[in-house]
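Below: one structure, written as structure tokens.
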Amino acid sequence: MAALLQHPGYPEEKLQRVAELLPCREVQAGMLLSLMGQLPHATVSCVECVSVAFLFEQVLLSFFGCDAALLLPRSPSLSDFVRVYRQQCSQSPSKQTRYIVIEKAELLRDTDANLLPALLRLQELVEDNITVILLSEIVWDKFRPNMGCFEPLLLHFPDYSKDELQQILSQNRHPSYSADFYSSYINILLGVFYSVCRDLRELRHLAALNFSKFCEPLADGKVKETDTHKLWRNIEPHLKKAMQTVYLREVSSLQWEQMQNMEEKEAGALRGLSAHTHVELPYYSKFLLIAAYLASYNPARTDKRFFLKHHGKIKKTNFLKKNEKTSNHLLGPKPFPLDRLLAIFYSVVDSRVAPTATIFSQISSLVTLQLLSQVSHDDQLDAPKYKCAVSLDFICAISRTVNFDIVKYLYDFL
């Protein structure tokens with residue numbers, strides 16, 4: 001990469017450091033170096049800056065120091081920031097371009113409507129040679145202001161290919177093992193997860209999570225480093241279990257290793273991650289998943305019995321049909337409409353919840369995480385249908401995190 005970043009005035013060691021920090025990004029790094037170089041800049045994270053005041057203070061602090069940041073009022077507006085910036089700029093002019101780098105820029109949609117358009121025209125407002133760089137993982141069309149604004153120049157960072165992920169992940173090899181051995185492990189890992197996950201951070205987490213299990217036969221002296229097939233047979237069931245929890249981040253690497261050792265001593269068999277730990281889902285998403293499971297495995301005619309408080313007396317002979325001998329769990333999940341899902345959700349959740357867009361977005365998130373599957377066609381917007389795609393152990397673990405006894409509401413366990 002250093003050979004591609006031969007720019008006048010840049011020492012070789014700095015180019016080498018850029019190559020180490022940005023592997024497989026030669027084209028984008030070379031373009032940024034040619035456009036910007038190493039110039040004064042302020043890096044601001046929209047995750048850390050919980051208010052616009054923190055954003056303004058961070059910019060002034062980076063460019064002009066603490067005294068400039070203290071000039072802002074307690075609740076500064078955009079005009080206050082422009083006034084202080086112009087004042088400091090006249091006292092400390094710069095012959096070079098200043099850069100404001102904003103990470104997670106899509107979060108600016110949640111701030112004042114005039115902030116993002118103003119940042120894109122900040123050079124005109126402050127009358128200084130300043131450039132704002134927005135870093136985001138979503139496309140610009142998704143958070144372009146409705147009122148219109150100055151269109152920024154777009155620099156696209158494409159997803160890493162499988163070969164690039166292999167190269168990057170192989171750099172984090174364990175010092176106790178050879179580079180070829182760790183590279184073969186990464187190749188096996190990508191063979192399992194690449195079709196469902198291409199996020200570099202998540203793949204790094206999965207690599208750290210399962211490497212000790214991959215090395216277990218080698219540590220016991222049962223195989224050699226070159227016995228890839230035997231190592232694959234040992235790690236395959238564990239990787240398939242871990243596939244159920246991609247992006248959920250249930251446990252750390254240490255907790256996962258301790259859990260596996262405990263299970264092997266007590267039961268001699270591996271159980272799923274979800275039966276032991278709390279899934280990191282939003283609070284209402286857990287109840288939505290519980291409601292989806294109940295809708296998938298309970299007949300619709302039983303909803304009145306389970307979820308209506310004043311349903312009156314229902315004879316058991318009428319409620320349990322004699323010809324229903326097959327368990328619904330053996331037949332598999334059945335599709336259910338959205339209105340039934342929401343009706344059960346509002347019955348089981350322990351607080352009053354308004355039917356806001358947040359609830360519907362969480363349903364979409366559950367579909368994205370493959371915890372729910374949409375079985376209706378995309379053009380059926382009025383009555384979408386879903387199926388619950390999780391196991392009984394999984395939903396029991398979810399239910400325990402919100403103190404909900406789901407077995408009491410399952411038709412098969414009456």
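Chain identifiers are assigned as A, B, and so on, following the order in which chains appear in the structure tokens; residues are numbered from 1 within each chain, and ligands are numbered from 1 in order of appearance.
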
Ser365 of chain A environment, 12 Å, only C-alpha atoms, sequence neighbours closer than 4 positions dropped, as a PDB file with N, CA, C and O atoms, in the first residue's frame:
```pdb
ATOM      1  N   TYR A 247     -24.550 -10.979  15.546  1.00  0.00           N
ATOM      2  CA  TYR A 247     -24.947  -9.591  15.824  1.00  0.00           C
ATOM      3  C   TYR A 247     -25.614  -9.402  17.185  1.00  0.00           C
ATOM      4  O   TYR A 247     -25.840  -8.265  17.585  1.00  0.00           O
ATOM      5  N   LEU A 248     -25.929 -10.467  17.914  1.00  0.00           N
ATOM      6  CA  LEU A 248     -26.622 -10.294  19.188  1.00  0.00           C
ATOM      7  C   LEU A 248     -25.655 -10.043  20.339  1.00  0.00           C
ATOM      8  O   LEU A 248     -26.032  -9.482  21.362  1.00  0.00           O
ATOM      9  N   LEU A 281     -31.412  -7.568  23.156  1.00  0.00           N
ATOM     10  CA  LEU A 281     -32.470  -6.978  22.344  1.00  0.00           C
ATOM     11  C   LEU A 281     -33.130  -5.865  23.137  1.00  0.00           C
ATOM     12  O   LEU A 281     -33.127  -5.885  24.372  1.00  0.00           O
ATOM     13  N   PRO A 282     -33.717  -4.874  22.462  1.00  0.00           N
ATOM     14  CA  PRO A 282     -34.499  -3.867  23.190  1.00  0.00           C
ATOM     15  C   PRO A 282     -35.632  -4.514  23.969  1.00  0.00           C
ATOM     16  O   PRO A 282     -36.093  -5.610  23.640  1.00  0.00           O
ATOM     17  N   TYR A 284     -38.893  -3.914  24.361  1.00  0.00           N
ATOM     18  CA  TYR A 284     -40.148  -4.245  23.684  1.00  0.00           C
ATOM     19  C   TYR A 284     -39.923  -5.252  22.562  1.00  0.00           C
ATOM     20  O   TYR A 284     -40.849  -5.985  22.189  1.00  0.00           O
ATOM     21  N   SER A 285     -38.719  -5.326  22.001  1.00  0.00           N
ATOM     22  CA  SER A 285     -38.438  -6.343  20.991  1.00  0.00           C
ATOM     23  C   SER A 285     -38.538  -7.738  21.589  1.00  0.00           C
ATOM     24  O   SER A 285     -38.957  -8.691  20.913  1.00  0.00           O
ATOM     25  N   LYS A 286     -38.173  -7.888  22.861  1.00  0.00           N
ATOM     26  CA  LYS A 286     -38.289  -9.187  23.516  1.00  0.00           C
ATOM     27  C   LYS A 286     -39.751  -9.599  23.632  1.00  0.00           C
ATOM     28  O   LYS A 286     -40.109 -10.757  23.373  1.00  0.00           O
ATOM     29  N   LEU A 288     -42.151  -8.504  21.700  1.00  0.00           N
ATOM     30  CA  LEU A 288     -42.631  -8.767  20.344  1.00  0.00           C
ATOM     31  C   LEU A 288     -42.248 -10.176  19.897  1.00  0.00           C
ATOM     32  O   LEU A 288     -43.043 -10.869  19.255  1.00  0.00           O
ATOM     33  N   LEU A 289     -41.046 -10.604  20.249  1.00  0.00           N
ATOM     34  CA  LEU A 289     -40.617 -11.953  19.886  1.00  0.00           C
ATOM     35  C   LEU A 289     -41.415 -13.004  20.654  1.00  0.00           C
ATOM     36  O   LEU A 289     -41.778 -14.056  20.108  1.00  0.00           O
ATOM     37  N   THR A 358     -41.889   3.207  16.315  1.00  0.00           N
ATOM     38  CA  THR A 358     -40.783   2.457  16.920  1.00  0.00           C
ATOM     39  C   THR A 358     -41.123   0.978  17.036  1.00  0.00           C
ATOM     40  O   THR A 358     -40.274   0.115  16.795  1.00  0.00           O
ATOM     41  N   ILE A 359     -42.348   0.663  17.403  1.00  0.00           N
ATOM     42  CA  ILE A 359     -42.758  -0.737  17.529  1.00  0.00           C
ATOM     43  C   ILE A 359     -42.656  -1.440  16.183  1.00  0.00           C
ATOM     44  O   ILE A 359     -42.137  -2.557  16.074  1.00  0.00           O
ATOM     45  N   PHE A 360     -43.131  -0.780  15.127  1.00  0.00           N
ATOM     46  CA  PHE A 360     -43.086  -1.400  13.802  1.00  0.00           C
ATOM     47  C   PHE A 360     -41.648  -1.523  13.296  1.00  0.00           C
ATOM     48  O   PHE A 360     -41.313  -2.487  12.609  1.00  0.00           O
ATOM     49  N   SER A 361     -40.800  -0.575  13.626  1.00  0.00           N
ATOM     50  CA  SER A 361     -39.397  -0.677  13.213  1.00  0.00           C
ATOM     51  C   SER A 361     -38.701  -1.828  13.930  1.00  0.00           C
ATOM     52  O   SER A 361     -37.805  -2.472  13.365  1.00  0.00           O
ATOM     53  N   LEU A 369     -32.786  -9.648  11.705  1.00  0.00           N
ATOM     54  CA  LEU A 369     -31.957 -10.549  12.517  1.00  0.00           C
ATOM     55  C   LEU A 369     -32.335 -12.017  12.328  1.00  0.00           C
ATOM     56  O   LEU A 369     -31.742 -12.895  12.973  1.00  0.00           O
ATOM     57  N   GLN A 370     -33.324 -12.279  11.468  1.00  0.00           N
ATOM     58  CA  GLN A 370     -33.792 -13.634  11.158  1.00  0.00           C
ATOM     59  C   GLN A 370     -34.394 -14.328  12.376  1.00  0.00           C
ATOM     60  O   GLN A 370     -34.399 -15.548  12.474  1.00  0.00           O
ATOM     61  N   LEU A 371     -34.891 -13.540  13.326  1.00  0.00           N
ATOM     62  CA  LEU A 371     -35.659 -14.095  14.441  1.00  0.00           C
ATOM     63  C   LEU A 371     -37.123 -14.249  14.056  1.00  0.00           C
ATOM     64  O   LEU A 371     -37.823 -15.093  14.603  1.00  0.00           O
ATOM     65  N   LEU A 372     -37.565 -13.415  13.125  1.00  0.00           N
ATOM     66  CA  LEU A 372     -38.863 -13.570  12.484  1.00  0.00           C
ATOM     67  C   LEU A 372     -38.633 -13.709  10.988  1.00  0.00           C
ATOM     68  O   LEU A 372     -37.647 -13.187  10.461  1.00  0.00           O
ATOM     69  N   SER A 373     -39.540 -14.382  10.323  1.00  0.00           N
ATOM     70  CA  SER A 373     -39.457 -14.465   8.863  1.00  0.00           C
ATOM     71  C   SER A 373     -40.789 -14.025   8.277  1.00  0.00           C
ATOM     72  O   SER A 373     -41.854 -14.421   8.763  1.00  0.00           O
ATOM     73  N   GLN A 374     -40.718 -13.170   7.269  1.00  0.00           N
ATOM     74  CA  GLN A 374     -41.928 -12.681   6.615  1.00  0.00           C
ATOM     75  C   GLN A 374     -42.320 -13.661   5.520  1.00  0.00           C
ATOM     76  O   GLN A 374     -41.526 -13.973   4.623  1.00  0.00           O
TER      77      GLN A 374
END
```

Quick one: residues within 12 Å of Asp67 of chain A, only C-alpha atoms, excluding same-chain residues fewer than 3 positions away - as a list in words? Glu57, Leu60, Leu61, Ser62, Phe63, Phe64, Leu70, Leu71, Leu72, Val84, Tyr85 and Gln88 of chain A

What would the file look like if the residues just selected were written as a JSON list (two decimals), in the first residue's frame with all heavy atoms?
```json
[["chain", "number", "residue", "atom", "x", "y", "z"],
["A", 57, "GLU", "N", -18.55, 22.59, 21.16],
["A", 57, "GLU", "CA", -17.41, 22.71, 22.07],
["A", 57, "GLU", "C", -16.21, 21.90, 21.59],
["A", 57, "GLU", "O", -15.07, 22.36, 21.67],
["A", 57, "GLU", "CB", -17.82, 22.26, 23.47],
["A", 57, "GLU", "CG", -18.77, 23.21, 24.18],
["A", 57, "GLU", "CD", -19.19, 22.68, 25.54],
["A", 57, "GLU", "OE1", -18.67, 21.63, 25.94],
["A", 57, "GLU", "OE2", -20.05, 23.31, 26.18],
["A", 60, "LEU", "N", -14.45, 23.76, 18.62],
["A", 60, "LEU", "CA", -13.69, 24.93, 19.07],
["A", 60, "LEU", "C", -12.49, 24.52, 19.91],
["A", 60, "LEU", "O", -11.42, 25.13, 19.82],
["A", 60, "LEU", "CB", -14.60, 25.85, 19.87],
["A", 60, "LEU", "CG", -15.74, 26.53, 19.08],
["A", 60, "LEU", "CD1", -16.63, 27.33, 20.02],
["A", 60, "LEU", "CD2", -15.18, 27.43, 18.00],
["A", 61, "LEU", "N", -12.64, 23.49, 20.72],
["A", 61, "LEU", "CA", -11.54, 23.01, 21.55],
["A", 61, "LEU", "C", -10.40, 22.47, 20.70],
["A", 61, "LEU", "O", -9.22, 22.70, 20.99],
["A", 61, "LEU", "CB", -12.06, 21.93, 22.50],
["A", 61, "LEU", "CG", -11.07, 21.36, 23.52],
["A", 61, "LEU", "CD1", -10.65, 22.43, 24.52],
["A", 61, "LEU", "CD2", -11.68, 20.18, 24.25],
["A", 62, "SER", "N", -10.73, 21.77, 19.64],
["A", 62, "SER", "CA", -9.69, 21.18, 18.78],
["A", 62, "SER", "C", -8.94, 22.23, 17.99],
["A", 62, "SER", "O", -7.73, 22.11, 17.78],
["A", 62, "SER", "CB", -10.31, 20.15, 17.83],
["A", 62, "SER", "OG", -10.96, 19.12, 18.53],
["A", 63, "PHE", "N", -9.63, 23.27, 17.54],
["A", 63, "PHE", "CA", -9.00, 24.27, 16.69],
["A", 63, "PHE", "C", -8.37, 25.43, 17.46],
["A", 63, "PHE", "O", -7.29, 25.90, 17.10],
["A", 63, "PHE", "CB", -10.03, 24.84, 15.70],
["A", 63, "PHE", "CG", -10.43, 23.88, 14.61],
["A", 63, "PHE", "CD1", -11.71, 23.91, 14.09],
["A", 63, "PHE", "CD2", -9.53, 22.95, 14.13],
["A", 63, "PHE", "CE1", -12.08, 23.03, 13.09],
["A", 63, "PHE", "CE2", -9.88, 22.07, 13.12],
["A", 63, "PHE", "CZ", -11.16, 22.10, 12.61],
["A", 64, "PHE", "N", -9.02, 25.88, 18.54],
["A", 64, "PHE", "CA", -8.60, 27.11, 19.19],
["A", 64, "PHE", "C", -8.27, 26.96, 20.67],
["A", 64, "PHE", "O", -7.82, 27.93, 21.29],
["A", 64, "PHE", "CB", -9.68, 28.18, 19.02],
["A", 64, "PHE", "CG", -10.10, 28.40, 17.60],
["A", 64, "PHE", "CD1", -11.36, 28.03, 17.16],
["A", 64, "PHE", "CD2", -9.22, 28.97, 16.68],
["A", 64, "PHE", "CE1", -11.75, 28.22, 15.86],
["A", 64, "PHE", "CE2", -9.60, 29.18, 15.36],
["A", 64, "PHE", "CZ", -10.87, 28.80, 14.95],
["A", 70, "LEU", "N", -14.97, 27.98, 26.08],
["A", 70, "LEU", "CA", -15.65, 28.59, 27.22],
["A", 70, "LEU", "C", -16.46, 29.82, 26.83],
["A", 70, "LEU", "O", -17.28, 30.30, 27.62],
["A", 70, "LEU", "CB", -14.61, 28.98, 28.28],
["A", 70, "LEU", "CG", -13.89, 27.81, 28.96],
["A", 70, "LEU", "CD1", -12.81, 28.32, 29.90],
["A", 70, "LEU", "CD2", -14.88, 26.93, 29.72],
["A", 71, "LEU", "N", -16.24, 30.35, 25.64],
["A", 71, "LEU", "CA", -16.98, 31.53, 25.20],
["A", 71, "LEU", "C", -18.41, 31.20, 24.78],
["A", 71, "LEU", "O", -19.23, 32.10, 24.64],
["A", 71, "LEU", "CB", -16.25, 32.20, 24.02],
["A", 71, "LEU", "CG", -14.87, 32.80, 24.35],
["A", 71, "LEU", "CD1", -14.22, 33.34, 23.08],
["A", 71, "LEU", "CD2", -15.02, 33.91, 25.39],
["A", 72, "LEU", "N", -18.70, 29.93, 24.58],
["A", 72, "LEU", "CA", -20.06, 29.54, 24.21],
["A", 72, "LEU", "C", -20.99, 29.69, 25.41],
["A", 72, "LEU", "O", -20.60, 29.39, 26.53],
["A", 72, "LEU", "CB", -20.08, 28.11, 23.71],
["A", 72, "LEU", "CG", -19.46, 27.82, 22.34],
["A", 72, "LEU", "CD1", -19.40, 26.32, 22.10],
["A", 72, "LEU", "CD2", -20.28, 28.49, 21.23],
["A", 84, "VAL", "N", -18.65, 32.76, 17.63],
["A", 84, "VAL", "CA", -17.40, 32.48, 18.34],
["A", 84, "VAL", "C", -16.33, 32.00, 17.37],
["A", 84, "VAL", "O", -15.15, 32.39, 17.48],
["A", 84, "VAL", "CB", -17.64, 31.44, 19.46],
["A", 84, "VAL", "CG1", -16.33, 31.04, 20.12],
["A", 84, "VAL", "CG2", -18.61, 32.00, 20.50],
["A", 85, "TYR", "N", -16.69, 31.19, 16.41],
["A", 85, "TYR", "CA", -15.71, 30.68, 15.45],
["A", 85, "TYR", "C", -15.10, 31.82, 14.64],
["A", 85, "TYR", "O", -13.88, 31.87, 14.44],
["A", 85, "TYR", "CB", -16.36, 29.64, 14.54],
["A", 85, "TYR", "CG", -15.36, 28.94, 13.63],
["A", 85, "TYR", "CD1", -14.86, 27.69, 13.96],
["A", 85, "TYR", "CD2", -14.92, 29.54, 12.45],
["A", 85, "TYR", "CE1", -13.95, 27.05, 13.14],
["A", 85, "TYR", "CE2", -14.01, 28.91, 11.63],
["A", 85, "TYR", "CZ", -13.52, 27.66, 11.98],
["A", 85, "TYR", "OH", -12.59, 27.04, 11.17],
["A", 88, "GLN", "N", -12.68, 33.81, 16.81],
["A", 88, "GLN", "CA", -11.40, 33.12, 17.02],
["A", 88, "GLN", "C", -10.60, 33.01, 15.74],
["A", 88, "GLN", "O", -9.36, 33.07, 15.75],
["A", 88, "GLN", "CB", -11.65, 31.72, 17.60],
["A", 88, "GLN", "CG", -12.29, 31.73, 18.98],
["A", 88, "GLN", "CD", -11.40, 32.41, 20.01],
["A", 88, "GLN", "OE1", -10.20, 32.14, 20.08],
["A", 88, "GLN", "NE2", -11.99, 33.29, 20.81]]
```

Across A:Gln166, A:Ser75, A:Gln16, A:Thr226, the smallest distance to Ser178 of chain A, with only C-alpha atoms counted, is shown by A:Thr226

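Across A:Phe306, A:Phe157, A:Tyr182, A:Phe345, the tightest approach to Lys408 of chain A is made by A:Phe306 when counting only C-alpha atoms.
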
With distances taken over only C-alpha atoms, which residue among A:Ser176, A:Phe413, A:Cys396, A:Asp339 lies nearest Ala383 of chain A? A:Asp339

Point out the residue among A:Arg204, A:Arg74, A:Lys241, A:Arg400 with the least atom-to-atom distance to Phe287 of chain A, counting only C-alpha atoms. A:Arg400

Which of A:Ile398, A:Cys89, A:Leu190, A:Leu153 sits closest to Leu120 of chain A [using only C-alpha atoms]: A:Leu153

DSSP on the backbone: what in segment 26-178 of chain A comes out strand (DSSP E or B), as an NGL selection string? :A and (41-45 or 98-103 or 130-134)
